[in-house]
Amino acid sequence: TVRAAIYDSADNFEEGVAGGSVNGKYGMIDMEGKEIVPAKYEKVDYPFDQLIPVKQNGKWGFMDRSGVEIIAPVYDQINYLRGGLIPVMIDGKWGYIDGNGRKITPLKYENLSIWGLMENLAAVKENGKWGFINNDGQEIVKPKYDEVGLLWHNERMPVKRDGKWGYIDPTGKEVIVPKYEEAQEFSWDGLAGVKLKGHWGYIRPDGTAEPWSLK
């Protein structure tokens with residue numbers, strides 16, 4: 001039996017928990033009506049993995065599902081957990097922490113990607129250029145690219161250097177040398193649209209062109 005919690009307003013249950021507010025402060029209950037996050041925060045977000053984002057005094061931190069504060073609210077912005085790491089920002093600079101709050105990278109990046117960590121290689125931007133780090137925070141590719149793609153498909157990521165697009169693999173190696181005016185991410189069928197000398201065509205992950213394209 002779910003017992004009532006004294007909230008002025010409440011959200012729907014998701015992943016076994018629901019947020020609610022009382023007197024303008026937010027908390028969270030479980031399916032039994034037990035308060036796992038006390039209603040004292042400016043905002044409480046739904047969990048990702050086992051961590052519950054909470055906002056207090058304009059800063060974000062994390063609690064676990066038992067209501068224990070794991071990471072103190074010190075961050076201006078946070079993003080979703082990917083590959084075991086959480087992107088966090090203070091004073092306009094981004095970095096990564098793990099689920100225990102340990103800093104994996106310094107907070108020094110102008111921007112970063114959350115998706116690449118699923119492939120153990122994420123894009124980070126420093127001094128106007130993009131590079132790549134792995135899930136241990138090690139720099140695999142020094143920042144040298146003007147632009148990078150968003151997602152990995154077929155173990156390829158589009159990257160732009162010196163005005164031309166090519167592709168890297170999850171080790172950071174340029175497996176398709178930048179030479180295209182434009183380049184798309186590979187689709188699930190193993191082809192990517194590229195533009196060369198003003199014409200669009202399709203290439204495979206090894207860089208070879210479909211015979212009917214790029215003529």
# chains A, B, ... in the order shown; residues from 1 in each chain; ligands from 1

call {"tool": "residues_around", "arguments": {"residues": "A:Asn57", "least_positions_apart": "4", "cutoff": "12 Å", "atoms": "only C-alpha atoms", "output": "compact mmCIF listing (two decimals) with all heavy atoms, in the first residue's frame"}}
result
# COMPACT_ATOMS: atom_id res chain seq x y z
N LYS A 25 9.69 23.94 -1.84
CA LYS A 25 10.90 23.13 -1.78
C LYS A 25 10.59 21.72 -2.28
O LYS A 25 9.48 21.20 -2.06
CB LYS A 25 11.44 23.07 -0.36
CG LYS A 25 11.89 24.42 0.19
CD LYS A 25 13.09 24.97 -0.57
CE LYS A 25 13.59 26.27 0.03
NZ LYS A 25 14.75 26.82 -0.70
N LYS A 40 13.69 19.89 0.71
CA LYS A 40 14.43 21.09 1.11
C LYS A 40 15.22 21.70 -0.05
O LYS A 40 15.94 22.68 0.13
CB LYS A 40 15.37 20.76 2.25
CG LYS A 40 16.50 19.81 1.89
CD LYS A 40 17.45 19.59 3.07
CE LYS A 40 18.66 18.76 2.68
NZ LYS A 40 19.60 18.59 3.80
N TYR A 41 15.06 21.12 -1.25
CA TYR A 41 15.89 21.54 -2.37
C TYR A 41 15.12 22.45 -3.34
O TYR A 41 13.89 22.40 -3.42
CB TYR A 41 16.41 20.32 -3.13
CG TYR A 41 17.38 19.51 -2.30
CD1 TYR A 41 16.95 18.37 -1.62
CD2 TYR A 41 18.70 19.88 -2.18
CE1 TYR A 41 17.82 17.62 -0.85
CE2 TYR A 41 19.59 19.14 -1.41
CZ TYR A 41 19.14 18.02 -0.76
OH TYR A 41 20.01 17.28 0.01
N GLU A 42 15.87 23.27 -4.08
CA GLU A 42 15.25 24.14 -5.09
C GLU A 42 14.73 23.33 -6.26
O GLU A 42 13.76 23.69 -6.92
CB GLU A 42 16.29 25.15 -5.59
CG GLU A 42 16.77 26.11 -4.52
CD GLU A 42 18.04 26.83 -4.93
OE1 GLU A 42 18.35 26.84 -6.14
OE2 GLU A 42 18.72 27.37 -4.05
N LYS A 43 15.40 22.21 -6.53
CA LYS A 43 14.97 21.33 -7.62
C LYS A 43 15.53 19.94 -7.38
O LYS A 43 16.63 19.79 -6.83
CB LYS A 43 15.46 21.86 -8.97
CG LYS A 43 14.86 21.14 -10.17
CD LYS A 43 15.23 21.83 -11.48
CE LYS A 43 14.57 21.11 -12.65
NZ LYS A 43 14.92 21.73 -13.96
N GLY A 61 24.23 18.97 -7.00
CA GLY A 61 24.97 17.85 -6.46
C GLY A 61 24.15 16.59 -6.67
O GLY A 61 23.19 16.58 -7.44
N ALA A 72 28.38 16.79 -2.99
CA ALA A 72 27.82 18.04 -2.46
C ALA A 72 27.41 18.98 -3.59
O ALA A 72 28.03 18.98 -4.66
CB ALA A 72 28.86 18.72 -1.56
N PRO A 73 26.36 19.78 -3.37
CA PRO A 73 25.92 20.73 -4.40
C PRO A 73 26.92 21.89 -4.56
O PRO A 73 26.89 22.86 -3.81
CB PRO A 73 24.57 21.24 -3.88
CG PRO A 73 24.15 20.26 -2.83
CD PRO A 73 25.42 19.74 -2.24
N VAL A 74 27.81 21.76 -5.54
CA VAL A 74 28.83 22.78 -5.79
C VAL A 74 28.91 23.17 -7.26
O VAL A 74 29.63 24.11 -7.62
CB VAL A 74 30.22 22.31 -5.32
CG1 VAL A 74 30.23 22.10 -3.80
CG2 VAL A 74 30.66 21.04 -6.04
N TYR A 75 28.15 22.48 -8.13
CA TYR A 75 28.31 22.67 -9.57
C TYR A 75 27.23 23.57 -10.16
O TYR A 75 26.06 23.48 -9.78
CB TYR A 75 28.30 21.31 -10.28
CG TYR A 75 29.47 20.44 -9.87
CD1 TYR A 75 29.29 19.37 -8.99
CD2 TYR A 75 30.76 20.73 -10.30
CE1 TYR A 75 30.36 18.60 -8.57
CE2 TYR A 75 31.83 19.95 -9.90
CZ TYR A 75 31.63 18.90 -9.04
OH TYR A 75 32.70 18.14 -8.63
N ASP A 76 27.64 24.44 -11.09
CA ASP A 76 26.70 25.34 -11.75
C ASP A 76 25.78 24.58 -12.70
O ASP A 76 24.59 24.89 -12.83
CB ASP A 76 27.45 26.43 -12.53
CG ASP A 76 28.29 27.31 -11.63
OD1 ASP A 76 27.93 27.46 -10.45
OD2 ASP A 76 29.31 27.84 -12.10

call {"tool": "select_by_dssp", "arguments": {"residues": "stretch 8-213 of chain A", "states": "helix (DSSP H, G or I)", "output": "PyMOL selection string"}}
result
chain A and resi 116-119

call {"tool": "closest_atom_pairs", "arguments": {"of": "stretch 67-157 of chain A", "to": "stretch 188-205 of chain A", "cutoff": "7 Å", "atoms": "only C-alpha atoms", "output": "tab-separated table"}}
result
residue	atom	partner	partner_atom	distance
A:His153	CA	A:Trp188	CA	7.0
A:Asn154	CA	A:Gly190	CA	6.6
A:Arg156	CA	A:Pro205	CA	7.0

call {"tool": "residues_around", "arguments": {"residues": "stretch 46-53 of chain A", "least_positions_apart": "4", "cutoff": "6 Å", "atoms": "only C-alpha atoms", "output": "PyMOL selection string"}}
result
chain A and resi 61-64

call {"tool": "write_last_selection", "arguments": {"atoms": "N, CA, C and O atoms", "output": "compact mmCIF listing (two decimals), in the first residue's frame"}}
result
# COMPACT_ATOMS: atom_id res chain seq x y z
N GLY A 61 24.23 18.97 -7.00
CA GLY A 61 24.97 17.85 -6.46
C GLY A 61 24.15 16.59 -6.67
O GLY A 61 23.19 16.58 -7.44
N PHE A 62 24.51 15.51 -5.95
CA PHE A 62 23.83 14.23 -6.15
C PHE A 62 23.61 13.52 -4.82
O PHE A 62 24.45 13.55 -3.92
N MET A 63 22.46 12.83 -4.74
CA MET A 63 22.16 11.92 -3.64
C MET A 63 21.97 10.53 -4.23
O MET A 63 21.67 10.39 -5.42
N ASP A 64 22.14 9.50 -3.38
CA ASP A 64 21.81 8.17 -3.84
C ASP A 64 20.35 7.85 -3.48
O ASP A 64 19.66 8.67 -2.88

call {"tool": "residues_around", "arguments": {"residues": "stretch 5-13 of chain A", "least_positions_apart": "3", "cutoff": "9 Å", "atoms": "only C-alpha atoms", "output": "PyMOL selection string"}}
result
chain A and resi 16-24+26-31+33-35+39

call {"tool": "write_last_selection", "arguments": {"atoms": "N, CA, C and O atoms", "output": "tab-separated table (two decimals), in the first residue's frame"}}
result
chain	number	residue	atom	x	y	z
A	16	GLY	N	10.66	4.19	-10.38
A	16	GLY	CA	10.36	3.86	-8.99
A	16	GLY	C	10.37	5.02	-8.02
A	16	GLY	O	10.23	4.82	-6.81
A	17	VAL	N	10.51	6.25	-8.50
A	17	VAL	CA	10.51	7.42	-7.63
A	17	VAL	C	9.68	8.53	-8.26
A	17	VAL	O	9.42	8.54	-9.46
A	18	ALA	N	9.26	9.47	-7.40
A	18	ALA	CA	8.51	10.63	-7.88
A	18	ALA	C	8.90	11.85	-7.06
A	18	ALA	O	9.09	11.76	-5.84
A	19	GLY	N	9.04	12.96	-7.75
A	19	GLY	CA	9.36	14.21	-7.07
A	19	GLY	C	8.10	14.94	-6.64
A	19	GLY	O	7.01	14.73	-7.19
A	20	GLY	N	8.23	15.78	-5.63
A	20	GLY	CA	7.12	16.58	-5.17
A	20	GLY	C	7.62	17.81	-4.44
A	20	GLY	O	8.82	17.92	-4.13
A	21	SER	N	6.73	18.76	-4.20
A	21	SER	CA	7.15	20.00	-3.54
A	21	SER	C	6.20	20.34	-2.40
A	21	SER	O	5.01	20.00	-2.43
A	22	VAL	N	6.75	21.01	-1.39
A	22	VAL	CA	5.97	21.54	-0.28
A	22	VAL	C	6.60	22.86	0.12
A	22	VAL	O	7.81	22.96	0.31
A	23	ASN	N	5.74	23.88	0.16
A	23	ASN	CA	6.21	25.24	0.48
A	23	ASN	C	7.36	25.69	-0.43
A	23	ASN	O	8.30	26.35	-0.01
A	24	GLY	N	7.27	25.28	-1.70
A	24	GLY	CA	8.25	25.72	-2.68
A	24	GLY	C	9.56	24.97	-2.67
A	24	GLY	O	10.48	25.31	-3.41
A	26	TYR	N	11.59	21.11	-2.92
A	26	TYR	CA	11.36	19.84	-3.60
A	26	TYR	C	12.06	18.68	-2.90
A	26	TYR	O	13.16	18.83	-2.34
A	27	GLY	N	11.40	17.52	-2.96
A	27	GLY	CA	11.95	16.28	-2.45
A	27	GLY	C	11.55	15.14	-3.35
A	27	GLY	O	11.08	15.34	-4.47
A	28	MET	N	11.70	13.91	-2.86
A	28	MET	CA	11.38	12.74	-3.68
A	28	MET	C	10.98	11.58	-2.79
A	28	MET	O	11.52	11.39	-1.69
A	29	ILE	N	9.99	10.79	-3.26
A	29	ILE	CA	9.53	9.61	-2.54
A	29	ILE	C	9.70	8.38	-3.41
A	29	ILE	O	9.82	8.48	-4.64
A	30	ASP	N	9.69	7.20	-2.75
A	30	ASP	CA	9.72	5.95	-3.51
A	30	ASP	C	8.30	5.41	-3.66
A	30	ASP	O	7.32	6.07	-3.26
A	31	MET	N	8.17	4.21	-4.18
A	31	MET	CA	6.85	3.63	-4.46
A	31	MET	C	6.06	3.31	-3.19
A	31	MET	O	4.84	3.15	-3.23
A	33	GLY	N	5.95	5.40	-0.73
A	33	GLY	CA	5.64	6.68	-0.11
A	33	GLY	C	6.71	7.16	0.86
A	33	GLY	O	6.55	8.20	1.50
A	34	LYS	N	7.81	6.43	0.96
A	34	LYS	CA	8.90	6.82	1.84
A	34	LYS	C	9.68	7.97	1.22
A	34	LYS	O	10.06	7.94	0.05
A	35	GLU	N	9.95	9.00	2.02
A	35	GLU	CA	10.70	10.14	1.52
A	35	GLU	C	12.18	9.79	1.49
A	35	GLU	O	12.82	9.60	2.52
A	39	ALA	N	12.29	17.28	1.40
A	39	ALA	CA	11.78	18.41	0.64
A	39	ALA	C	12.44	19.71	1.12
A	39	ALA	O	11.83	20.50	1.85

call {"tool": "closest_atom_pairs", "arguments": {"of": "stretch 50-90 of chain A", "to": "stretch 128-146 of chain A", "cutoff": "9 Å", "atoms": "only C-alpha atoms", "output": "CSV"}}
result
residue,atom,partner,partner_atom,distance
A:Gly83,CA,A:Asn135,CA,7.0
A:Gly84,CA,A:Asn135,CA,7.8
A:Leu85,CA,A:Asn135,CA,7.3

call {"tool": "write_last_selection", "arguments": {"atoms": "C-alpha atoms", "output": "PDB file, in the first residue's frame"}}
result
ATOM      1  CA  GLY A  83      30.154   5.624 -19.475  1.00  0.00           C
ATOM      2  CA  GLY A  84      30.395   5.958 -15.699  1.00  0.00           C
ATOM      3  CA  LEU A  85      31.258   9.668 -15.831  1.00  0.00           C
TER       4      LEU A  85
END

call {"tool": "closest_residue", "arguments": {"among": "A:Gly99, A:Ile90, A:Pro178, A:Leu81", "to": "A:Lys59", "atoms": "only C-alpha atoms"}}
result
A:Ile90

call {"tool": "select_by_dssp", "arguments": {"residues": "chain A", "states": "strand (DSSP E or B)", "output": "PyMOL selection string"}}
result
chain A and resi 9-10+14+17-22+25-30+35-41+43-44+48+51-56+59-64+69-75+77-78+82+85-90+93-98+103+109+111-112+122-126+129-133+139-145+147-148+153+156-161+164-168+174-180+182-183+192-196+199-203+209

call {"tool": "atom_distance", "arguments": {"atom1": "atom CA of A:Leu112", "atom2": "atom CA of A:Lys173"}}
result
19.3 Å

call {"tool": "atom_distance", "arguments": {"atom1": "atom CA of A:Glu110", "atom2": "atom CA of A:Lys125"}}
result
5.4 Å

call {"tool": "closest_residue", "arguments": {"among": "A:Leu107, A:Val124, A:Lys164, A:Glu185", "to": "A:Leu150", "atoms": "only C-alpha atoms"}}
result
A:Glu185

call {"tool": "atom_distance", "arguments": {"atom1": "atom CA of A:Gln184", "atom2": "atom CA of A:Gly172"}}
result
17.8 Å
